[in-house]
$ cat input_20.txt   # compact mmCIF, C-alpha atoms and all ligand atoms
# COMPACT_ATOMS: atom_id res chain seq x y z
CA MET H 1 102.53 100.43 96.07
CA THR H 2 100.92 101.28 92.77
CA LEU H 3 98.41 99.42 90.59
CA GLU H 4 98.18 100.01 86.88
CA GLU H 5 96.14 98.39 84.13
CA ILE H 6 98.64 97.64 81.37
CA GLY H 7 96.51 95.98 78.69
CA ALA H 8 95.64 92.37 77.82
CA GLY H 9 93.73 92.16 81.11
CA VAL H 10 96.89 92.53 83.19
CA THR H 11 97.23 94.64 86.34
CA HIS H 12 100.79 95.60 87.30
CA LEU H 13 101.53 95.91 91.01
CA ARG H 14 104.72 97.78 91.82
CA MET H 15 106.14 97.52 95.32
CA ARG H 16 108.69 99.98 96.64
CA THR H 17 110.45 100.61 99.93
CA LEU H 18 113.50 102.60 100.92
CA GLY H 19 115.53 99.42 100.27
CA THR H 20 114.27 99.00 96.69
CA ARG H 21 114.98 102.67 95.99
CA MET H 22 118.57 102.10 97.14
CA LEU H 23 118.84 99.26 94.62
CA GLY H 24 117.19 101.36 91.90
CA ILE H 25 114.57 98.70 91.17
CA ASP H 26 111.10 97.85 92.31
CA VAL H 27 109.48 94.49 92.84
CA SER H 28 106.60 93.64 90.54
CA ALA H 29 103.65 91.29 90.76
CA TYR H 30 100.94 90.89 88.14
CA LEU H 31 97.28 90.06 88.31
CA LEU H 32 96.08 88.22 85.25
CA GLY H 33 92.36 87.78 85.68
CA PRO H 34 92.15 85.82 88.94
CA ILE H 35 95.77 84.57 88.73
CA LEU H 36 98.33 86.40 90.86
CA ILE H 37 101.88 86.10 89.56
CA ASP H 38 104.38 86.66 92.40
CA THR H 39 103.65 88.07 95.82
CA GLY H 40 106.36 90.57 96.72
CA PHE H 41 108.31 90.57 99.97
CA ALA H 42 107.53 90.63 103.68
CA TYR H 43 107.97 94.39 104.18
CA VAL H 44 105.13 95.25 101.78
CA ARG H 45 102.66 92.68 103.10
CA GLU H 46 100.11 95.13 104.49
CA PRO H 47 99.94 97.50 101.52
CA LEU H 48 99.87 94.54 99.15
CA LEU H 49 96.95 92.87 100.93
CA ALA H 50 95.16 96.23 101.03
CA ALA H 51 95.75 96.78 97.31
CA LEU H 52 94.37 93.33 96.50
CA ALA H 53 91.28 93.69 98.70
CA GLY H 54 88.12 93.21 96.68
CA ARG H 55 89.95 91.56 93.79
CA ARG H 56 89.35 87.94 92.98
CA ILE H 57 92.35 85.63 93.35
CA ASP H 58 91.87 81.93 92.56
CA ALA H 59 95.52 80.89 92.16
CA VAL H 60 98.98 82.20 92.94
CA CYS H 61 101.97 81.39 90.74
CA CYS H 62 105.47 82.17 91.99
CA THR H 63 107.97 82.72 89.19
CA HIS H 64 110.56 81.33 91.61
CA ASN H 65 111.18 80.76 95.30
CA HIS H 66 113.25 83.83 96.22
CA GLU H 67 111.94 85.90 99.12
CA ASP H 68 111.14 89.01 97.06
CA HIS H 69 108.72 86.94 94.95
CA SER H 70 107.32 84.38 97.40
CA GLY H 71 107.38 86.48 100.58
CA ASN H 72 103.61 86.93 100.89
CA ALA H 73 102.38 83.73 99.26
CA ALA H 74 101.35 82.32 102.63
CA ALA H 75 99.27 85.36 103.61
CA ILE H 76 97.48 85.52 100.26
CA ALA H 77 96.85 81.78 100.06
CA ALA H 78 95.48 81.77 103.61
CA SER H 79 93.13 84.72 103.03
CA ARG H 80 91.83 83.37 99.69
CA GLY H 81 91.98 79.63 100.32
CA CYS H 82 93.85 79.13 97.05
CA GLN H 83 96.85 77.11 95.89
CA VAL H 84 100.35 78.49 95.41
CA TYR H 85 102.17 76.96 92.46
CA LEU H 86 105.96 76.72 92.30
CA ARG H 87 108.09 74.84 89.82
CA ASP H 88 110.30 72.24 91.53
CA ALA H 89 108.30 72.90 94.70
CA ALA H 90 110.69 70.81 96.81
CA GLY H 91 113.23 73.58 96.25
CA LEU H 92 111.24 76.25 98.12
CA TRP H 93 113.70 76.56 101.01
CA GLU H 94 116.86 76.12 98.92
CA GLU H 95 119.21 78.86 97.68
CA GLY H 96 119.45 80.54 101.06
CA VAL H 97 115.70 81.12 101.45
CA ARG H 98 115.31 79.15 104.69
CA SER H 99 117.96 81.11 106.52
CA LEU H 100 118.45 84.45 104.81
CA ALA H 101 121.83 86.14 104.73
CA PRO H 102 121.78 89.54 106.53
CA TYR H 103 121.47 91.60 103.33
CA ARG H 104 118.44 89.58 102.21
CA ARG H 105 116.82 89.95 105.62
CA PHE H 106 117.48 93.68 105.46
CA TRP H 107 116.10 94.21 101.96
CA TRP H 108 113.22 91.77 101.73
CA GLY H 109 112.52 90.02 105.03
CA PRO H 110 111.73 86.34 105.53
CA VAL H 111 109.35 84.09 103.61
CA GLU H 112 106.35 83.12 105.69
CA PRO H 113 106.11 79.30 105.49
CA PHE H 114 103.65 77.81 103.04
CA ALA H 115 103.20 74.53 101.19
CA PRO H 116 103.64 75.11 97.45
CA VAL H 117 102.00 72.81 94.94
CA GLU H 118 104.09 71.62 91.99
CA MET H 119 103.55 73.96 89.03
CA PRO H 120 101.45 72.20 86.37
CA GLU H 121 102.49 72.49 82.72
CA ILE H 122 99.28 74.39 82.00
CA ILE H 123 97.56 76.71 84.46
CA ASP H 124 93.96 77.08 83.40
CA VAL H 125 92.11 79.29 85.87
CA GLY H 126 89.19 81.68 85.45
CA GLY H 127 89.38 81.67 81.66
CA ARG H 128 93.12 82.44 81.55
CA ARG H 129 95.48 79.79 80.24
CA LEU H 130 99.23 79.92 80.93
CA ALA H 131 101.98 77.55 79.86
CA ALA H 132 104.69 77.08 82.49
CA VAL H 133 108.06 76.90 80.76
CA ALA H 134 111.05 75.72 82.81
CA ALA H 135 113.62 78.50 82.99
CA PRO H 136 116.28 77.50 85.56
CA GLY H 137 119.63 79.23 85.88
CA HIS H 138 118.95 82.17 88.20
CA SER H 139 117.06 79.75 90.45
CA ARG H 140 116.31 76.04 90.08
CA THR H 141 112.62 76.89 90.62
CA GLN H 142 112.47 79.67 88.00
CA VAL H 143 109.68 79.43 85.43
CA ALA H 144 108.45 81.58 82.57
CA LEU H 145 104.65 81.83 82.38
CA PHE H 146 103.48 82.26 78.81
CA GLU H 147 99.96 83.15 77.74
CA PRO H 148 99.64 82.10 74.07
CA SER H 149 96.37 83.99 73.53
CA THR H 150 97.95 87.39 74.31
CA GLY H 151 101.65 86.63 73.74
CA ASP H 152 102.53 87.87 77.23
CA VAL H 153 105.33 86.11 79.09
CA PHE H 154 106.01 86.63 82.81
CA THR H 155 109.67 85.99 83.47
CA GLY H 156 110.47 86.76 87.12
CA ASP H 157 114.25 87.16 87.36
CA LEU H 158 115.16 85.45 84.08
CA PHE H 159 116.06 88.84 82.60
CA VAL H 160 117.02 91.70 84.91
CA SER H 161 119.81 93.34 82.89
CA PRO H 162 121.12 92.87 79.35
CA GLY H 163 124.58 91.29 79.59
CA ALA H 164 126.52 88.58 81.39
CA THR H 165 126.46 89.64 85.03
CA ALA H 166 127.26 88.60 88.55
CA VAL H 167 125.15 85.67 89.69
CA LEU H 168 124.04 84.14 92.96
CA ILE H 169 126.26 81.38 94.26
CA TRP H 170 123.60 78.81 93.26
CA GLY H 171 123.32 80.19 89.69
CA ASP H 172 124.20 78.31 86.51
CA PRO H 173 125.11 80.51 83.51
CA TRP H 174 124.73 77.66 80.99
CA GLN H 175 121.23 76.88 82.17
CA GLU H 176 120.44 80.59 82.22
CA ALA H 177 121.45 80.95 78.56
CA ALA H 178 119.41 77.89 77.55
CA SER H 179 116.40 79.27 79.43
CA LEU H 180 116.71 82.67 77.71
CA ARG H 181 116.69 80.92 74.32
CA ARG H 182 113.75 78.72 75.30
CA VAL H 183 111.71 81.82 76.15
CA ALA H 184 112.89 83.70 73.05
CA ALA H 185 111.67 80.74 70.95
CA LEU H 186 108.13 81.41 72.19
CA ALA H 187 108.29 84.68 70.21
CA PRO H 188 106.49 86.57 72.99
CA ARG H 189 104.70 89.82 72.20
CA ARG H 190 105.58 91.29 75.58
CA MET H 191 107.86 90.33 78.49
CA LEU H 192 106.84 91.30 82.03
CA SER H 193 109.68 90.88 84.50
CA GLY H 194 109.81 90.59 88.26
CA HIS H 195 111.52 93.94 88.77
CA GLY H 196 109.46 96.41 86.78
CA LEU H 197 110.94 95.97 83.31
CA ILE H 198 108.36 95.46 80.56
CA LEU H 199 109.63 94.92 77.01
CA GLU H 200 107.75 94.59 73.73
CA ARG H 201 108.96 91.85 71.35
CA PRO H 202 111.80 90.78 73.68
CA ALA H 203 113.12 87.77 71.68
CA PRO H 204 116.16 89.52 70.11
CA VAL H 205 117.20 91.01 73.47
CA LEU H 206 116.89 87.61 75.15
CA GLU H 207 119.02 86.04 72.40
CA VAL H 208 121.72 88.68 72.82
CA LYS H 209 121.86 88.11 76.56
CA ALA H 210 122.08 84.34 76.02
CA ARG H 211 124.96 84.81 73.59
CA ARG H 212 126.84 87.17 75.93
CA ILE H 213 126.45 84.74 78.82
CA GLU H 214 127.71 81.83 76.73
CA GLU H 215 130.69 83.82 75.47
CA ALA H 216 131.64 84.84 79.01
CA ALA H 217 131.12 81.28 80.27
CA ARG H 218 133.24 79.80 77.46
CA LEU H 219 136.04 82.29 78.13
CA SER H 220 135.87 81.45 81.85
CA VAL H 221 136.38 77.75 81.08
CA GLU H 222 139.25 78.48 78.66
CA LEU H 223 141.12 80.70 81.12
CA ALA H 224 140.57 78.34 84.04
CA GLU H 225 141.93 75.47 81.96
CA ARG H 226 145.08 77.50 81.39
CA GLY H 227 145.53 77.51 85.13
CA LEU H 228 144.83 81.20 85.81
CA PRO H 229 143.75 82.01 89.37
CA TRP H 230 140.02 82.63 89.79
CA ARG H 231 140.40 86.36 90.45
CA GLU H 232 142.46 86.77 87.28
CA VAL H 233 139.82 84.88 85.27
CA VAL H 234 137.19 87.27 86.65
CA ARG H 235 139.30 90.30 85.66
CA ARG H 236 139.73 89.04 82.09
CA VAL H 237 136.14 87.92 81.55
CA PHE H 238 134.77 91.15 83.07
CA PRO H 239 137.38 93.85 82.38
CA ARG H 240 135.22 96.74 83.67
CA GLY H 241 133.37 97.54 86.88
CA GLY H 242 135.51 95.44 89.21
CA ALA H 243 135.19 97.78 92.19
CA LYS H 244 131.40 97.77 92.08
CA ASP H 245 131.39 93.98 91.80
CA ARG H 246 133.65 93.61 94.86
CA PHE H 247 131.39 96.02 96.75
CA PHE H 248 128.33 93.85 96.02
CA GLU H 249 130.31 90.72 96.81
CA ALA H 250 131.13 92.10 100.27
CA LEU H 251 127.61 93.43 100.80
CA THR H 252 126.01 90.07 99.97
CA SER H 253 128.28 87.84 102.08
CA SER H 254 129.77 86.60 98.75
CA GLU H 255 126.38 85.26 97.61
CA PHE H 256 126.28 87.53 94.54
CA SER H 257 129.38 88.11 92.42
CA ARG H 258 131.16 87.69 89.12
CA LEU H 259 133.45 85.21 90.82
CA ASN H 260 130.35 83.04 91.29
CA PHE H 261 129.63 83.35 87.55
CA VAL H 262 133.13 82.23 86.59
CA ARG H 263 133.22 79.32 89.03
CA ALA H 264 129.72 78.15 88.07
CA ALA H 265 130.62 78.39 84.37
CA VAL H 266 133.55 76.03 84.95
CA ARG H 267 131.71 73.75 87.38
CA ASN H 268 128.74 73.26 85.04
CA ALA H 269 130.54 73.40 81.70
CA PRO H 270 129.13 71.05 79.06
CA GLY H 271 131.39 68.02 78.86
CA GLY H 272 132.23 68.22 82.55
CA HIS H 273 135.12 69.91 84.34
ZN ZN H 301 115.45 85.93 92.28
$ encode --input "input_20.txt" --output "structure tokens"
Amino acid sequence: MTLEEIGAGVTHLRMRTLGTRMLGIDVSAYLLGPILIDTGFAYVREPLLAALAGRRIDAVCCTHNHEDHSGNAAAIAASRGCQVYLRDAAGLWEEGVRSLAPYRRFWWGPVEPFAPVEMPEIIDVGGRRLAAVAAPGHSRTQVALFEPSTGDVFTGDLFVSPGATAVLIWGDPWQEAASLRRVAALAPRRMLSGHGLILERPAPVLEVKARRIEEAARLSVELAERGLPWREVVRRVFPRGGAKDRFFEALTSSEFSRLNFVRAAVRNAPGGH
């Protein structure tokens, strides 16, 4: 657990365990004045609460419902008596969060139950003002939190890596691309993601990812319409890295894969399929 002041009145909390080191990422939360953005996962609860001791927290915003972002919302809300905001709050237990697959239990641990409050369009707390921009695709509850006065945008898992990638079985590549463009259109000065990545002037990178996702999704639809089997569509849309993808597919009980991307691209294609 490390805390770092990173400018514009933002404190970056980085959470690491053996599991996150295996994945080569960390899990990030941010303190923006008295607003806490994301809460990490169950296995870092004690160090997180210790790191936050003595700091004012008047509101918690979860960028989305997944257990590595909402895992400690209950503990923080209970100790501070504050609200936890989540977009599409009724979706808290969706997307496998209620009953975690073994790999999710192993890496992050369960979400302690809490009652999220629907994310308002504007969060105005302790002199900080954030606009909550809907950013579904990775998760139906995903939001981007944009602070116009500084140009910072907090994006959770909207952008983890640059190209079209494997997605969770609940993912929607078309929505993901639209969300990336919506956030790019804000012309943010800085993007602060849920897994440690911080990028200055991210709009062009977000646009490129959106375009790559749409190209891969369009190709998926085209090949599926020609009657190719799903696995063959996957091989043509993603010609490289098949072995690694199959490894992750097996590891995640088929929750995370390129096959999911291809099927979701066809299922949710504009015009209906
Ligand atoms: Zn996520």
$ residues_near_point --input "input_20.txt" --point "(98.4, 86.4, 79.1)" --cutoff "12 Å" --atoms "all atoms listed in the file" --output "PyMOL selection string"
chain H and resi 6-11+30-37+123-125+127-132+144-154+188-192
$ closest_residue --input "input_20.txt" --among "H:Ala78, H:Val133, H:Leu158, H:Leu259" --to "ligand ZN 301 (chain H)" --atoms "all atoms listed in the file"
H:Leu158
$ closest_atom_pairs --input "input_20.txt" --of "chain H" --to "ligand ZN 301 (chain H)" --cutoff "10 Å" --atoms "all atoms listed in the file" --output "JSON lines"
{"residue": "H:Thr63", "atom": "CA", "partner": "H:ZN301", "partner_atom": "ZN", "distance": 8.7}
{"residue": "H:His64", "atom": "CA", "partner": "H:ZN301", "partner_atom": "ZN", "distance": 6.7}
{"residue": "H:Asn65", "atom": "CA", "partner": "H:ZN301", "partner_atom": "ZN", "distance": 7.4}
{"residue": "H:His66", "atom": "CA", "partner": "H:ZN301", "partner_atom": "ZN", "distance": 5.0}
{"residue": "H:Glu67", "atom": "CA", "partner": "H:ZN301", "partner_atom": "ZN", "distance": 7.7}
{"residue": "H:Asp68", "atom": "CA", "partner": "H:ZN301", "partner_atom": "ZN", "distance": 7.1}
{"residue": "H:His69", "atom": "CA", "partner": "H:ZN301", "partner_atom": "ZN", "distance": 7.3}
{"residue": "H:Ser70", "atom": "CA", "partner": "H:ZN301", "partner_atom": "ZN", "distance": 9.7}
{"residue": "H:Glu95", "atom": "CA", "partner": "H:ZN301", "partner_atom": "ZN", "distance": 9.7}
{"residue": "H:His138", "atom": "CA", "partner": "H:ZN301", "partner_atom": "ZN", "distance": 6.6}
{"residue": "H:Ser139", "atom": "CA", "partner": "H:ZN301", "partner_atom": "ZN", "distance": 6.6}
{"residue": "H:Thr141", "atom": "CA", "partner": "H:ZN301", "partner_atom": "ZN", "distance": 9.6}
{"residue": "H:Gln142", "atom": "CA", "partner": "H:ZN301", "partner_atom": "ZN", "distance": 8.1}
{"residue": "H:Gly156", "atom": "CA", "partner": "H:ZN301", "partner_atom": "ZN", "distance": 7.2}
{"residue": "H:Asp157", "atom": "CA", "partner": "H:ZN301", "partner_atom": "ZN", "distance": 5.2}
{"residue": "H:Leu158", "atom": "CA", "partner": "H:ZN301", "partner_atom": "ZN", "distance": 8.2}
{"residue": "H:Val160", "atom": "CA", "partner": "H:ZN301", "partner_atom": "ZN", "distance": 9.5}
{"residue": "H:Leu168", "atom": "CA", "partner": "H:ZN301", "partner_atom": "ZN", "distance": 8.8}
{"residue": "H:Gly194", "atom": "CA", "partner": "H:ZN301", "partner_atom": "ZN", "distance": 8.3}
{"residue": "H:His195", "atom": "CA", "partner": "H:ZN301", "partner_atom": "ZN", "distance": 9.6}
$ write_last_selection --input "input_20.txt" --atoms "C-alpha atoms" --output "PDB file, in the coordinates of the input"
ATOM      1  CA  THR H  63     107.970  82.720  89.190  1.00  0.00           C
ATOM      2  CA  HIS H  64     110.560  81.330  91.610  1.00  0.00           C
ATOM      3  CA  ASN H  65     111.180  80.760  95.300  1.00  0.00           C
ATOM      4  CA  HIS H  66     113.250  83.830  96.220  1.00  0.00           C
ATOM      5  CA  GLU H  67     111.940  85.900  99.120  1.00  0.00           C
ATOM      6  CA  ASP H  68     111.140  89.010  97.060  1.00  0.00           C
ATOM      7  CA  HIS H  69     108.720  86.940  94.950  1.00  0.00           C
ATOM      8  CA  SER H  70     107.320  84.380  97.400  1.00  0.00           C
ATOM      9  CA  GLU H  95     119.210  78.860  97.680  1.00  0.00           C
ATOM     10  CA  HIS H 138     118.950  82.170  88.200  1.00  0.00           C
ATOM     11  CA  SER H 139     117.060  79.750  90.450  1.00  0.00           C
ATOM     12  CA  THR H 141     112.620  76.890  90.620  1.00  0.00           C
ATOM     13  CA  GLN H 142     112.470  79.670  88.000  1.00  0.00           C
ATOM     14  CA  GLY H 156     110.470  86.760  87.120  1.00  0.00           C
ATOM     15  CA  ASP H 157     114.250  87.160  87.360  1.00  0.00           C
ATOM     16  CA  LEU H 158     115.160  85.450  84.080  1.00  0.00           C
ATOM     17  CA  VAL H 160     117.020  91.700  84.910  1.00  0.00           C
ATOM     18  CA  LEU H 168     124.040  84.140  92.960  1.00  0.00           C
ATOM     19  CA  GLY H 194     109.810  90.590  88.260  1.00  0.00           C
ATOM     20  CA  HIS H 195     111.520  93.940  88.770  1.00  0.00           C
TER      21      HIS H 195
END
$ atom_distance --input "input_20.txt" --atom1 "CA of Glu176 in chain H" --atom2 "CA of Ala135 in chain H"
7.2 Å
$ closest_residue --input "input_20.txt" --among "H:Ser28, H:Asn72, H:Ser99, H:Thr20" --to "Leu197 in chain H" --atoms "all atoms listed in the file"
H:Ser28
$ residues_around --input "input_20.txt" --residues "Gly242 in chain H" --least-positions-apart "6" --cutoff "12 Å" --atoms "all atoms listed in the file" --output "NGL selection string"
:H and (165-166 or 231-232 or 234-236 or 248-249 or 257-259)
$ write_last_selection --input "input_20.txt" --atoms "C-alpha atoms" --output "short mmCIF file (atom, residue, chain, number, x, y, z; two decimals), in the coordinates of the input"
data_model
loop_
_atom_site.label_atom_id
_atom_site.label_comp_id
_atom_site.auth_asym_id
_atom_site.auth_seq_id
_atom_site.Cartn_x
_atom_site.Cartn_y
_atom_site.Cartn_z
CA THR H 165 126.46 89.64 85.03
CA ALA H 166 127.26 88.60 88.55
CA ARG H 231 140.40 86.36 90.45
CA GLU H 232 142.46 86.77 87.28
CA VAL H 234 137.19 87.27 86.65
CA ARG H 235 139.30 90.30 85.66
CA ARG H 236 139.73 89.04 82.09
CA PHE H 248 128.33 93.85 96.02
CA GLU H 249 130.31 90.72 96.81
CA SER H 257 129.38 88.11 92.42
CA ARG H 258 131.16 87.69 89.12
CA LEU H 259 133.45 85.21 90.82
#
$ atom_distance --input "input_20.txt" --atom1 "CA of Asp38 in chain H" --atom2 "CA of Asp26 in chain H"
13.1 Å
$ atom_distance --input "input_20.txt" --atom1 "CA of Ile169 in chain H" --atom2 "CA of Ala224 in chain H"
17.8 Å
$ closest_residue --input "input_20.txt" --among "H:Ile198, H:Ala177, H:Ala217, H:Leu23" --to "Asn260 in chain H" --atoms "only C-alpha atoms"
H:Ala217
$ build_atoms --input "input_20.txt" --residues "range 192-203 of chain H" --atoms "all heavy atoms" --output "PDB file, in the frame of the given file"
ATOM      1  N   LEU H 192     107.122  90.577  80.793  1.00  0.00           N
ATOM      2  CA  LEU H 192     106.840  91.300  82.030  1.00  0.00           C
ATOM      3  C   LEU H 192     107.702  90.694  83.127  1.00  0.00           C
ATOM      4  O   LEU H 192     107.507  89.537  83.508  1.00  0.00           O
ATOM      5  CB  LEU H 192     105.343  91.206  82.359  1.00  0.00           C
ATOM      6  CG  LEU H 192     104.429  91.659  81.198  1.00  0.00           C
ATOM      7  CD1 LEU H 192     103.959  90.476  80.373  1.00  0.00           C
ATOM      8  CD2 LEU H 192     103.253  92.463  81.696  1.00  0.00           C
ATOM      9  N   SER H 193     108.686  91.448  83.596  1.00  0.00           N
ATOM     10  CA  SER H 193     109.680  90.880  84.500  1.00  0.00           C
ATOM     11  C   SER H 193     109.322  91.130  85.959  1.00  0.00           C
ATOM     12  O   SER H 193     108.401  91.882  86.277  1.00  0.00           O
ATOM     13  CB  SER H 193     111.057  91.481  84.189  1.00  0.00           C
ATOM     14  OG  SER H 193     111.191  92.708  84.859  1.00  0.00           O
ATOM     15  N   GLY H 194     110.078  90.514  86.837  1.00  0.00           N
ATOM     16  CA  GLY H 194     109.810  90.590  88.260  1.00  0.00           C
ATOM     17  C   GLY H 194     110.303  91.856  88.937  1.00  0.00           C
ATOM     18  O   GLY H 194     110.083  92.061  90.125  1.00  0.00           O
ATOM     19  N   HIS H 195     111.007  92.702  88.174  1.00  0.00           N
ATOM     20  CA  HIS H 195     111.520  93.940  88.770  1.00  0.00           C
ATOM     21  C   HIS H 195     111.198  95.166  87.910  1.00  0.00           C
ATOM     22  O   HIS H 195     112.045  96.033  87.688  1.00  0.00           O
ATOM     23  CB  HIS H 195     113.013  93.818  89.063  1.00  0.00           C
ATOM     24  CG  HIS H 195     113.300  92.840  90.176  1.00  0.00           C
ATOM     25  ND1 HIS H 195     113.032  93.121  91.504  1.00  0.00           N
ATOM     26  CD2 HIS H 195     113.759  91.569  90.151  1.00  0.00           C
ATOM     27  CE1 HIS H 195     113.359  92.064  92.252  1.00  0.00           C
ATOM     28  NE2 HIS H 195     113.782  91.109  91.451  1.00  0.00           N
ATOM     29  N   GLY H 196     109.973  95.189  87.393  1.00  0.00           N
ATOM     30  CA  GLY H 196     109.460  96.410  86.780  1.00  0.00           C
ATOM     31  C   GLY H 196     109.689  96.553  85.286  1.00  0.00           C
ATOM     32  O   GLY H 196     109.003  97.327  84.631  1.00  0.00           O
ATOM     33  N   LEU H 197     110.645  95.823  84.738  1.00  0.00           N
ATOM     34  CA  LEU H 197     110.940  95.970  83.310  1.00  0.00           C
ATOM     35  C   LEU H 197     109.883  95.271  82.461  1.00  0.00           C
ATOM     36  O   LEU H 197     109.608  94.092  82.657  1.00  0.00           O
ATOM     37  CB  LEU H 197     112.322  95.373  83.011  1.00  0.00           C
ATOM     38  CG  LEU H 197     112.722  95.366  81.541  1.00  0.00           C
ATOM     39  CD1 LEU H 197     113.034  96.778  81.054  1.00  0.00           C
ATOM     40  CD2 LEU H 197     113.913  94.446  81.308  1.00  0.00           C
ATOM     41  N   ILE H 198     109.306  96.038  81.522  1.00  0.00           N
ATOM     42  CA  ILE H 198     108.360  95.460  80.560  1.00  0.00           C
ATOM     43  C   ILE H 198     108.867  95.782  79.168  1.00  0.00           C
ATOM     44  O   ILE H 198     109.155  96.937  78.862  1.00  0.00           O
ATOM     45  CB  ILE H 198     106.938  96.022  80.784  1.00  0.00           C
ATOM     46  CG1 ILE H 198     106.441  95.594  82.175  1.00  0.00           C
ATOM     47  CG2 ILE H 198     105.990  95.550  79.698  1.00  0.00           C
ATOM     48  CD1 ILE H 198     105.084  96.149  82.559  1.00  0.00           C
ATOM     49  N   LEU H 199     109.026  94.745  78.344  1.00  0.00           N
ATOM     50  CA  LEU H 199     109.630  94.920  77.010  1.00  0.00           C
ATOM     51  C   LEU H 199     108.717  94.339  75.947  1.00  0.00           C
ATOM     52  O   LEU H 199     108.252  93.210  76.079  1.00  0.00           O
ATOM     53  CB  LEU H 199     110.946  94.151  76.944  1.00  0.00           C
ATOM     54  CG  LEU H 199     112.270  94.852  77.137  1.00  0.00           C
ATOM     55  CD1 LEU H 199     113.408  93.863  76.918  1.00  0.00           C
ATOM     56  CD2 LEU H 199     112.413  96.033  76.182  1.00  0.00           C
ATOM     57  N   GLU H 200     108.498  95.108  74.879  1.00  0.00           N
ATOM     58  CA  GLU H 200     107.750  94.590  73.730  1.00  0.00           C
ATOM     59  C   GLU H 200     108.697  93.767  72.861  1.00  0.00           C
ATOM     60  O   GLU H 200     109.864  94.110  72.727  1.00  0.00           O
ATOM     61  CB  GLU H 200     107.192  95.755  72.897  1.00  0.00           C
ATOM     62  CG  GLU H 200     106.317  96.735  73.669  1.00  0.00           C
ATOM     63  CD  GLU H 200     104.910  96.215  73.921  1.00  0.00           C
ATOM     64  OE1 GLU H 200     104.394  95.455  73.079  1.00  0.00           O
ATOM     65  OE2 GLU H 200     104.341  96.555  74.976  1.00  0.00           O
ATOM     66  N   ARG H 201     108.179  92.704  72.277  1.00  0.00           N
ATOM     67  CA  ARG H 201     108.960  91.850  71.350  1.00  0.00           C
ATOM     68  C   ARG H 201     110.373  91.590  71.891  1.00  0.00           C
ATOM     69  O   ARG H 201     111.364  92.044  71.298  1.00  0.00           O
ATOM     70  CB  ARG H 201     109.056  92.503  69.977  1.00  0.00           C
ATOM     71  CG  ARG H 201     107.725  92.919  69.398  1.00  0.00           C
ATOM     72  CD  ARG H 201     107.126  91.861  68.515  1.00  0.00           C
ATOM     73  NE  ARG H 201     105.744  92.170  68.173  1.00  0.00           N
ATOM     74  CZ  ARG H 201     104.799  91.245  67.990  1.00  0.00           C
ATOM     75  NH1 ARG H 201     105.083  89.980  68.118  1.00  0.00           N
ATOM     76  NH2 ARG H 201     103.578  91.587  67.672  1.00  0.00           N
ATOM     77  N   PRO H 202     110.499  90.894  72.997  1.00  0.00           N
ATOM     78  CA  PRO H 202     111.800  90.780  73.680  1.00  0.00           C
ATOM     79  C   PRO H 202     112.747  89.735  73.085  1.00  0.00           C
ATOM     80  O   PRO H 202     113.904  89.672  73.515  1.00  0.00           O
ATOM     81  CB  PRO H 202     111.398  90.351  75.095  1.00  0.00           C
ATOM     82  CG  PRO H 202     110.152  89.542  74.883  1.00  0.00           C
ATOM     83  CD  PRO H 202     109.425  90.200  73.737  1.00  0.00           C
ATOM     84  N   ALA H 203     112.295  88.914  72.116  1.00  0.00           N
ATOM     85  CA  ALA H 203     113.120  87.770  71.680  1.00  0.00           C
ATOM     86  C   ALA H 203     114.555  88.154  71.310  1.00  0.00           C
ATOM     87  O   ALA H 203     115.506  87.520  71.780  1.00  0.00           O
ATOM     88  CB  ALA H 203     112.425  87.018  70.546  1.00  0.00           C
TER      89      ALA H 203
END
